[in-house]
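Below is data.cif, which holds mmCIF, C-alpha atoms.
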```cif
data_input
loop_
_atom_site.label_atom_id
_atom_site.label_comp_id
_atom_site.auth_asym_id
_atom_site.auth_seq_id
_atom_site.Cartn_x
_atom_site.Cartn_y
_atom_site.Cartn_z
CA MET S 236 25.77 16.15 12.49
CA ARG S 237 24.58 16.26 8.86
CA LYS S 238 23.84 12.52 8.93
CA VAL S 239 21.48 12.99 11.91
CA LYS S 240 19.62 15.76 10.06
CA ILE S 241 19.13 13.57 7.01
CA GLN S 242 17.89 10.68 9.14
CA THR S 243 15.54 12.95 11.07
CA LYS S 244 14.22 14.33 7.79
CA ILE S 245 13.56 10.82 6.47
CA ILE S 246 11.85 9.77 9.70
CA ALA S 247 9.64 12.85 9.43
CA GLU S 248 8.77 11.92 5.83
CA VAL S 249 7.90 8.35 6.87
CA VAL S 250 5.68 9.62 9.70
CA ALA S 251 4.00 12.17 7.42
CA ALA S 252 3.37 9.56 4.70
CA VAL S 253 1.95 7.06 7.21
CA ALA S 254 -0.28 9.71 8.81
CA LEU S 255 -1.57 10.97 5.46
CA ALA S 256 -2.18 7.41 4.25
CA TYR S 257 -4.12 6.67 7.42
CA VAL S 258 -6.30 9.78 7.09
CA LEU S 259 -7.00 9.01 3.41
CA ASN S 260 -7.86 5.43 4.39
CA LEU S 261 -10.67 6.80 6.56
CA VAL S 262 -12.41 8.04 3.40
CA VAL S 263 -13.89 4.73 2.23
CA LEU S 264 -15.60 4.74 -1.15
CA PHE S 265 -16.49 1.04 -1.03
CA ARG S 266 -15.90 -1.68 1.59
CA MET S 267 -15.69 -5.38 0.79
CA PRO S 268 -17.60 -7.80 3.06
CA GLN S 269 -14.58 -9.75 4.41
CA GLY S 270 -12.12 -6.87 4.44
CA GLY S 271 -10.45 -4.67 1.89
CA SER S 272 -11.81 -1.43 0.53
CA VAL S 273 -11.52 1.25 -2.09
CA THR S 274 -10.33 4.44 -0.43
CA ALA S 275 -9.43 8.00 -1.37
CA VAL S 276 -6.04 6.92 -2.81
CA SER S 277 -4.67 6.02 0.62
CA MET S 278 -1.69 4.15 -0.85
CA VAL S 279 -0.38 7.15 -2.79
CA PRO S 280 1.55 8.69 0.14
CA LEU S 281 3.32 5.37 0.75
CA LEU S 282 4.03 4.88 -2.94
CA TRP S 283 5.30 8.47 -3.14
CA LEU S 284 7.61 7.79 -0.20
CA ALA S 285 8.99 4.66 -1.89
CA LEU S 286 9.52 6.44 -5.21
CA ARG S 287 11.21 9.33 -3.46
CA ARG S 288 13.38 7.47 -0.94
CA GLY S 289 13.82 3.99 -2.40
CA VAL S 290 12.68 0.49 -1.64
CA GLY S 291 14.12 0.29 1.91
CA ILE S 292 12.48 3.43 3.29
CA GLY S 293 9.33 2.74 1.26
CA THR S 294 9.06 -0.75 2.73
CA LEU S 295 9.64 0.59 6.23
CA GLY S 296 6.87 3.15 5.74
CA GLY S 297 4.52 0.46 4.46
CA ILE S 298 5.26 -1.86 7.38
CA VAL S 299 4.66 0.94 9.88
CA TYR S 300 1.42 1.81 8.11
CA GLY S 301 0.33 -1.85 8.13
CA LEU S 302 0.79 -1.97 11.89
CA VAL S 303 -1.06 1.32 12.40
CA ASP S 304 -3.88 0.22 10.07
CA MET S 305 -4.38 -2.95 12.08
CA PHE S 306 -5.26 -1.27 15.37
CA PRO S 307 -8.73 0.23 14.79
CA GLN S 308 -10.38 -2.98 13.50
CA PRO S 309 -7.99 -5.92 13.47
CA TYR S 310 -9.13 -9.05 11.70
CA ILE S 311 -6.66 -11.73 12.68
CA VAL S 312 -7.27 -15.46 12.41
CA HIS S 313 -3.65 -16.64 12.49
CA PRO S 314 -0.21 -15.05 13.08
CA ALA S 315 0.85 -15.78 9.48
CA GLN S 316 -2.35 -14.20 8.17
CA PHE S 317 -1.64 -11.13 10.31
CA LEU S 318 1.81 -10.83 8.74
CA LEU S 319 0.48 -11.28 5.20
CA ASP S 320 -2.47 -8.89 5.51
CA TYR S 321 -0.87 -6.09 7.50
CA PRO S 322 2.91 -5.46 7.60
CA LEU S 323 3.91 -7.54 4.55
CA ALA S 324 1.07 -6.41 2.28
CA PHE S 325 1.63 -2.73 2.93
CA GLY S 326 5.39 -3.16 3.11
CA ALA S 327 5.19 -4.53 -0.44
CA LEU S 328 4.16 -1.05 -1.57
CA GLY S 329 7.83 -0.21 -1.01
CA LEU S 330 8.63 -2.20 -4.17
CA ALA S 331 7.67 0.97 -6.03
CA GLY S 332 11.04 2.29 -4.86
CA LEU S 333 12.75 0.00 -7.38
CA PHE S 334 11.58 2.43 -10.07
CA LYS S 335 13.26 5.76 -9.41
CA PRO S 336 11.30 8.56 -11.06
CA VAL S 337 12.77 9.16 -14.51
CA GLY S 338 10.13 10.48 -16.87
CA VAL S 339 6.51 9.48 -16.38
CA THR S 340 6.52 5.77 -17.13
CA ARG S 341 8.90 4.46 -14.45
CA PRO S 342 6.99 5.84 -11.44
CA LEU S 343 3.72 4.50 -12.84
CA LEU S 344 5.34 1.11 -13.31
CA GLY S 345 6.51 1.38 -9.69
CA VAL S 346 2.95 2.05 -8.56
CA ALA S 347 1.75 -1.05 -10.44
CA VAL S 348 4.53 -3.23 -8.98
CA GLY S 349 3.93 -1.94 -5.43
CA ILE S 350 0.19 -2.55 -5.58
CA GLY S 351 0.89 -5.87 -7.31
CA GLY S 352 3.07 -6.86 -4.35
CA ARG S 353 0.25 -5.96 -1.99
CA PHE S 354 -2.14 -8.05 -4.11
CA VAL S 355 0.15 -11.10 -3.86
CA CYS S 356 0.15 -10.90 -0.05
CA HIS S 357 -3.64 -10.55 0.21
CA PHE S 358 -4.11 -13.25 -2.45
CA LEU S 359 -1.98 -15.74 -0.49
CA SER S 360 -3.78 -14.87 2.72
CA GLY S 361 -7.12 -15.40 0.97
CA VAL S 362 -6.13 -18.78 -0.43
CA ILE S 363 -4.61 -20.04 2.82
CA PHE S 364 -6.85 -18.54 5.50
CA PHE S 365 -10.12 -17.47 3.87
CA ALA S 366 -10.88 -20.32 1.44
CA MET S 367 -14.09 -21.05 3.35
CA TYR S 368 -15.66 -17.88 1.89
CA ALA S 369 -15.33 -19.18 -1.68
CA PRO S 370 -18.72 -20.10 -3.16
CA ALA S 371 -19.44 -23.82 -3.44
CA GLY S 372 -17.60 -25.29 -6.38
CA MET S 373 -15.27 -22.32 -6.85
CA SER S 374 -11.56 -22.74 -6.38
CA PRO S 375 -10.17 -20.72 -3.44
CA ILE S 376 -7.44 -19.54 -5.82
CA VAL S 377 -9.94 -18.09 -8.27
CA TYR S 378 -12.05 -16.67 -5.44
CA SER S 379 -9.08 -14.98 -3.77
CA ALA S 380 -7.87 -13.54 -7.09
CA ILE S 381 -11.31 -12.14 -7.92
CA TYR S 382 -12.02 -10.90 -4.41
CA ASN S 383 -8.70 -9.16 -3.82
CA GLY S 384 -8.27 -8.10 -7.42
CA SER S 385 -11.66 -6.40 -7.51
CA TYR S 386 -10.87 -3.69 -4.98
CA LEU S 387 -7.11 -3.48 -5.60
CA ALA S 388 -7.65 -2.95 -9.34
CA VAL S 389 -9.79 0.09 -8.57
CA GLU S 390 -7.18 1.34 -6.08
CA LEU S 391 -4.53 0.82 -8.77
CA VAL S 392 -6.42 2.89 -11.34
CA PHE S 393 -7.06 5.73 -8.87
CA SER S 394 -3.45 5.63 -7.64
CA LEU S 395 -2.10 5.70 -11.20
CA ILE S 396 -4.21 8.76 -12.03
CA VAL S 397 -3.09 10.67 -8.94
CA MET S 398 0.54 9.60 -9.28
CA TYR S 399 0.54 10.64 -12.93
CA ALA S 400 -0.59 14.12 -11.87
CA LEU S 401 2.09 14.26 -9.13
CA VAL S 402 4.82 13.14 -11.53
CA LYS S 403 3.76 15.65 -14.20
CA ARG S 404 3.95 18.44 -11.59
CA LYS S 405 7.33 17.11 -10.42
CA VAL S 406 6.09 16.75 -6.82
CA ILE S 407 8.15 13.58 -6.32
CA ASP S 408 11.32 15.50 -7.21
CA MET S 409 10.72 18.35 -4.79
CA ARG S 410 13.28 18.84 -2.07
CA LEU S 411 12.14 19.34 1.49
#
```

Using C-alpha coordinates, write down the structure from this file.
Amino acid sequence: MRKVKIQTKIIAEVVAAVALAYVLNLVVLFRMPQGGSVTAVSMVPLLWLALRRGVGIGTLGGIVYGLVDMFPQPYIVHPAQFLLDYPLAFGALGLAGLFKPVGVTRPLLGVAVGIGGRFVCHFLSGVIFFAMYAPAGMSPIVYSAIYNGSYLAVELVFSLIVMYALVKRKVIDMRL
(Lines of atoms letter the chains of each structure in order from A and count residues from 1; the text may use other names and numbers.)
(Lines give C-alpha, C1' and ligand atoms only; values in the text may rest on other atoms or scores of the structure.)
Protein backbone atom coordinates (compact mmCIF):
# COMPACT_ATOMS: atom_id res chain seq x y z
CA MET A 1 0.00 0.00 0.00
CA ARG A 2 2.81 2.45 0.84
CA LYS A 3 4.40 1.90 -2.58
CA VAL A 4 1.16 2.97 -4.31
CA LYS A 5 1.04 6.16 -2.21
CA ILE A 6 4.59 7.06 -3.15
CA GLN A 7 3.92 6.43 -6.83
CA THR A 8 0.71 8.45 -6.70
CA LYS A 9 2.58 11.28 -5.00
CA ILE A 10 5.27 11.26 -7.70
CA ILE A 11 2.67 11.19 -10.48
CA ALA A 12 0.99 14.18 -8.85
CA GLU A 13 4.33 16.02 -8.72
CA VAL A 14 4.98 15.28 -12.40
CA VAL A 15 1.52 16.52 -13.37
CA ALA A 16 1.90 19.65 -11.22
CA ALA A 17 5.35 20.42 -12.67
CA VAL A 18 4.13 19.92 -16.25
CA ALA A 19 1.04 22.08 -15.65
CA LEU A 20 3.04 24.87 -14.00
CA ALA A 21 5.67 24.75 -16.76
CA TYR A 22 2.92 25.01 -19.37
CA VAL A 23 1.28 28.00 -17.68
CA LEU A 24 4.65 29.77 -17.31
CA ASN A 25 5.36 29.03 -20.98
CA LEU A 26 2.29 31.08 -21.90
CA VAL A 27 4.05 34.18 -20.53
CA VAL A 28 6.34 34.89 -23.48
CA LEU A 29 8.88 37.66 -23.04
CA PHE A 30 10.38 37.23 -26.52
CA ARG A 31 9.57 34.88 -29.41
CA MET A 32 12.08 33.85 -32.07
CA PRO A 33 10.93 33.90 -35.72
CA GLN A 34 11.32 30.15 -36.44
CA GLY A 35 10.40 28.89 -32.99
CA GLY A 36 11.85 29.09 -29.53
CA SER A 37 11.17 31.80 -26.99
CA VAL A 38 12.18 33.37 -23.73
CA THR A 39 9.47 32.71 -21.18
CA ALA A 40 8.73 33.38 -17.53
CA VAL A 41 11.16 30.64 -16.37
CA SER A 42 8.94 27.87 -17.72
CA MET A 43 11.69 25.25 -17.39
CA VAL A 44 12.16 25.77 -13.65
CA PRO A 45 9.30 23.46 -12.57
CA LEU A 46 10.73 20.65 -14.72
CA LEU A 47 14.26 21.28 -13.48
CA TRP A 48 12.96 21.37 -9.90
CA LEU A 49 11.23 18.03 -10.47
CA ALA A 50 14.46 16.50 -11.81
CA LEU A 51 16.54 17.84 -8.93
CA ARG A 52 13.99 16.61 -6.43
CA ARG A 53 13.17 13.18 -7.88
CA GLY A 54 16.18 12.27 -10.01
CA VAL A 55 16.98 11.88 -13.66
CA GLY A 56 14.34 9.22 -14.45
CA ILE A 57 11.32 11.10 -13.11
CA GLY A 58 12.76 14.40 -14.36
CA THR A 59 13.13 12.99 -17.86
CA LEU A 60 9.61 11.58 -17.76
CA GLY A 61 8.25 14.97 -16.72
CA GLY A 62 10.16 16.67 -19.53
CA ILE A 63 8.94 14.19 -22.14
CA VAL A 64 5.34 14.64 -21.00
CA TYR A 65 5.78 18.41 -21.11
CA GLY A 66 7.31 18.21 -24.60
CA LEU A 67 4.25 16.34 -25.84
CA VAL A 68 1.86 18.79 -24.16
CA ASP A 69 3.82 21.78 -25.49
CA MET A 70 3.53 20.47 -29.03
CA PHE A 71 -0.26 20.51 -29.23
CA PRO A 72 -1.18 24.23 -29.34
CA GLN A 73 1.13 25.15 -32.25
CA PRO A 74 3.05 22.16 -33.58
CA TYR A 75 5.84 22.85 -36.03
CA ILE A 76 6.79 19.49 -37.46
CA VAL A 77 8.69 18.97 -40.70
CA HIS A 78 9.91 15.41 -40.07
CA PRO A 79 9.32 12.69 -37.43
CA ALA A 80 12.97 12.90 -36.27
CA GLN A 81 12.68 16.68 -35.94
CA PHE A 82 9.52 16.21 -33.88
CA LEU A 83 11.40 13.89 -31.52
CA LEU A 84 14.38 16.26 -31.22
CA ASP A 85 12.38 19.44 -30.69
CA TYR A 86 9.65 18.17 -28.39
CA PRO A 87 10.01 15.04 -26.22
CA LEU A 88 13.82 14.67 -26.39
CA ALA A 89 14.65 18.36 -25.92
CA PHE A 90 12.43 18.77 -22.89
CA GLY A 91 13.23 15.29 -21.63
CA ALA A 92 16.89 16.38 -21.56
CA LEU A 93 15.97 18.80 -18.77
CA GLY A 94 15.82 15.65 -16.63
CA LEU A 95 19.63 15.54 -16.78
CA ALA A 96 19.50 18.07 -13.95
CA GLY A 97 18.54 15.09 -11.77
CA LEU A 98 22.13 13.84 -11.98
CA PHE A 99 23.03 16.64 -9.55
CA LYS A 100 21.20 15.97 -6.31
CA PRO A 101 20.87 19.17 -4.31
CA VAL A 102 23.82 19.39 -1.92
CA GLY A 103 24.67 23.00 -1.18
CA VAL A 104 24.01 25.65 -3.80
CA THR A 105 26.44 24.77 -6.57
CA ARG A 106 25.26 21.28 -7.53
CA PRO A 107 21.64 22.23 -8.34
CA LEU A 108 22.83 25.19 -10.39
CA LEU A 109 25.18 22.90 -12.28
CA GLY A 110 22.20 20.59 -12.82
CA VAL A 111 20.20 23.47 -14.28
CA ALA A 112 23.06 24.26 -16.68
CA VAL A 113 23.42 20.61 -17.74
CA GLY A 114 19.65 20.19 -18.22
CA ILE A 115 19.32 23.31 -20.35
CA GLY A 116 22.53 22.33 -22.14
CA GLY A 117 20.92 18.99 -23.03
CA ARG A 118 17.91 20.83 -24.39
CA PHE A 119 20.25 23.06 -26.43
CA VAL A 120 21.96 20.02 -27.99
CA CYS A 121 18.61 18.64 -29.18
CA HIS A 122 17.46 21.95 -30.69
CA PHE A 123 20.94 22.53 -32.16
CA LEU A 124 20.89 19.16 -33.95
CA SER A 125 17.37 19.79 -35.18
CA GLY A 126 18.45 23.19 -36.49
CA VAL A 127 21.48 21.81 -38.32
CA ILE A 128 19.61 18.85 -39.83
CA PHE A 129 16.16 20.26 -40.56
CA PHE A 130 16.38 24.06 -40.58
CA ALA A 131 19.67 24.75 -42.38
CA MET A 132 17.76 26.60 -45.10
CA TYR A 133 17.16 29.51 -42.68
CA ALA A 134 20.90 30.17 -42.33
CA PRO A 135 21.93 33.40 -44.07
CA ALA A 136 23.81 32.97 -47.34
CA GLY A 137 27.40 32.03 -46.67
CA MET A 138 26.84 31.10 -43.03
CA SER A 139 27.38 27.55 -41.87
CA PRO A 140 24.17 25.86 -40.65
CA ILE A 141 26.18 24.75 -37.61
CA VAL A 142 27.07 28.32 -36.67
CA TYR A 143 23.56 29.52 -37.45
CA SER A 144 21.91 26.83 -35.33
CA ALA A 145 24.30 27.48 -32.43
CA ILE A 146 23.64 31.23 -32.52
CA TYR A 147 19.90 30.91 -33.09
CA ASN A 148 19.22 28.33 -30.38
CA GLY A 149 21.88 29.65 -28.03
CA SER A 150 20.46 33.16 -28.13
CA TYR A 151 17.15 32.36 -26.46
CA LEU A 152 18.33 29.39 -24.38
CA ALA A 153 21.16 31.44 -22.85
CA VAL A 154 18.61 33.97 -21.60
CA GLU A 155 16.41 31.14 -20.29
CA LEU A 156 19.48 29.69 -18.57
CA VAL A 157 20.30 32.95 -16.79
CA PHE A 158 16.70 33.46 -15.64
CA SER A 159 16.42 29.82 -14.54
CA LEU A 160 19.69 30.01 -12.60
CA ILE A 161 18.51 33.11 -10.75
CA VAL A 162 15.17 31.56 -9.79
CA MET A 163 16.70 28.19 -8.92
CA TYR A 164 19.32 29.91 -6.76
CA ALA A 165 16.51 31.57 -4.79
CA LEU A 166 14.64 28.25 -4.46
CA VAL A 167 17.77 26.42 -3.29
CA LYS A 168 18.63 29.14 -0.76
CA ARG A 169 15.10 28.86 0.68
CA LYS A 170 15.41 25.05 0.69
CA VAL A 171 12.27 24.65 -1.45
CA ILE A 172 13.78 21.68 -3.30
CA ASP A 173 14.25 19.85 0.01
CA MET A 174 10.69 20.35 1.21
CA ARG A 175 8.64 17.24 1.80
CA LEU A 176 5.13 17.04 0.42

Note to self: Please determine, counting all atoms listed in the file, which residue among S:Ser272, S:Gly291, S:Val346, S:Leu323 has the shortest atom-to-atom distance to Val402 in chain S.
What the structure shows: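 Using all atoms listed in the file, the shortest distance to Val402 in chain S belongs to S:Val346.
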
Notebook entry, point to check: If you count all atoms listed in the file, which residues fall within 12 Å of range 358-362 of chain S, apart from same-chain ones fewer than 5 positions away, as JSON, numbers by chain?
Noted result: {"S": [269, 270, 271, 310, 311, 312, 313, 314, 315, 316, 317, 318, 319, 320, 321, 323, 324, 350, 351, 352, 353, 367, 368, 369, 373, 374, 375, 376, 377, 378, 379, 380, 381, 382, 383, 384, 385, 386, 387]}

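Taking CA of Ala331 in chain S as the reference point, CA of Ala366 in chain S is found at 29.2 Å.
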
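Residues surrounding range 337-343 of chain S within 8 Å are Leu286, Ala331, Phe334, Val346, Ala347, Leu395, Met398, Tyr399, Val402 and Lys403 of chain S [all atoms listed in the file; sequence separation below 3 positions excluded].
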
Written selection (C-alpha atoms) as a PDB file, in the frame of the given file:
```pdb
ATOM      1  CA  LEU S 286       9.520   6.440  -5.210  1.00  0.00           C
ATOM      2  CA  ALA S 331       7.670   0.970  -6.030  1.00  0.00           C
ATOM      3  CA  PHE S 334      11.580   2.430 -10.070  1.00  0.00           C
ATOM      4  CA  VAL S 346       2.950   2.050  -8.560  1.00  0.00           C
ATOM      5  CA  ALA S 347       1.750  -1.050 -10.440  1.00  0.00           C
ATOM      6  CA  LEU S 395      -2.100   5.700 -11.200  1.00  0.00           C
ATOM      7  CA  MET S 398       0.540   9.600  -9.280  1.00  0.00           C
ATOM      8  CA  TYR S 399       0.540  10.640 -12.930  1.00  0.00           C
ATOM      9  CA  VAL S 402       4.820  13.140 -11.530  1.00  0.00           C
ATOM     10  CA  LYS S 403       3.760  15.650 -14.200  1.00  0.00           C
TER      11      LYS S 403
END
```

Margin query: Under the rule that all atoms listed in the file are counted, which of S:Asp408, S:Leu302, S:Val258, S:Leu295 is the nearest residue to Val279 in chain S?
Written below: S:Val258

Check: Mind telling me what the PyMOL selection byres ((chain S and resi 262) around 6) catches here, as a PyMOL selection string?
Finding: chain S and resi 259-261+263+274-275

Note to self: Rounded to one decimal, what separation in Å do you get between CA of Phe265 in chain S and CA of Ser394 in chain S?
What the structure shows: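 Separation between CA of Phe265 in chain S and CA of Ser394 in chain S: 15.3 Å.
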
Checklist line | Point-to-point distance from CA of Gly296 in chain S to CA of Arg266 in chain S, Å rounded to tenths | finding: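 Going from CA of Gly296 in chain S over to CA of Arg266 in chain S covers 23.6 Å.
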
Note to self: I need the output of the PyMOL selection byres ((chain S and resi 247-252) around 10) for this file as a ChimeraX atom specification; which residues are they?
What the structure shows: /S:241-246,253-258,277-285,287-288,292-293,295-297,299-300,411

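You can rank S:Gly329, S:Pro307, S:Pro268, S:Pro336 by their closest distance to Lys405 in chain S using only C-alpha atoms, and at the top of that list sits S:Pro336.
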
Padded axis-aligned box of range 319-333 of chain S (4 Å per side), centre and edge lengths, Å, one decimal, as lines of an AutoDock Vina configuration file:
```
center_x = 5.1
center_y = -4.5
center_z = 0.1
size_x = 23.2
size_y = 21.6
size_z = 23.0
```
